[in-house]
Amino acid sequence: MLKLLGQAVIIVLVFFAVSAYQERNMLADSGEQTAPPFHLPILQSKQTYSSIQLKGQQSIVYFFAPWCGVCRVSMPNIDKLHQQGKVKAVAIALDYRSTEEVTKFVSDLQLDMPVLLGNQTTAQAYKVQAYPTYYVLDEDFKVTERSVGYSSEIGIRARL
């Protein structure tokens with residue numbers, strides 16, 4: 001029993017160490033840093049979406065790539081919270097070859113949240129180095145939480 005408990009502690013420590021390593025270069029999540037502004041095209045639309053539209057409500061800015069398997073299973077968790085009105089969410093596609101590739105990915109998942117076509121400038125401003133990456137922003141557009149990798153619905157709710 002003691003051996004099993006020791007192994008569980010080691011697994012938890014490794015998990016937190018890997019998470020801390022992955023998040024080391026991201027935007028600070030102290031609630032003091034304002035998220036960088038963006039103004040990006042909306043997928044399958046001639047309209048654009050501005051970061052100013054997120055102010056006034058707690059929001060999630062989720063960065064993904066259409067080839068990312070973890071994104072495919074994680075995005076519906078965020079979209080569900082968006083549909084329920086628990087949080088305003090926006091997904092930003094990066095590292096894609098064509099808008100058709102992004103459209104197919106989004107269509108397969110039947111997402112309701114706005115999907116934007118990001119660019120290298122946006123990726124650099126948000127310090128995106130892996131997929132998925134997301135930030136939780138407060139009503140004033142300040143970064144309060146951040147994460148890289150899969151997030152369950154419970155994990156996302158815990159960060160809100």
# chains A, B, ... in the order shown; residues from 1 in each chain; ligands from 1

call {"tool": "residues_around", "arguments": {"residues": "stretch 90-96 of chain A", "least_positions_apart": "2", "cutoff": "10 Å", "atoms": "only C-alpha atoms", "output": "PyMOL selection string"}}
result
chain A and resi 40-43+49+51+54+59-68+75+78-79+82+87-88+98-102+106+111-120+122-123+128+131-134

call {"tool": "select_by_dssp", "arguments": {"residues": "chain A", "states": "strand (DSSP E)", "output": "count of residues only"}}
result
32

call {"tool": "select_by_dssp", "arguments": {"residues": "stretch 1-152 of chain A", "states": "alpha helix (DSSP H)", "output": "JSON, numbers by chain"}}
result
{"A": [2, 3, 4, 5, 6, 7, 8, 9, 10, 11, 12, 13, 14, 15, 16, 17, 18, 19, 20, 21, 22, 23, 69, 70, 71, 72, 73, 74, 75, 76, 77, 78, 79, 80, 81, 82, 83, 99, 100, 101, 102, 103, 104, 105, 106, 107, 108, 109, 120, 121, 122, 123, 124, 125]}

call {"tool": "atom_distance", "arguments": {"atom1": "atom CA of A:Gly56", "atom2": "atom CA of A:Ser147"}}
result
21.9 Å

call {"tool": "closest_residue", "arguments": {"among": "A:Leu81, A:Ala125, A:Val73, A:Leu160", "to": "A:Asp138", "atoms": "only C-alpha atoms"}}
result
A:Leu160
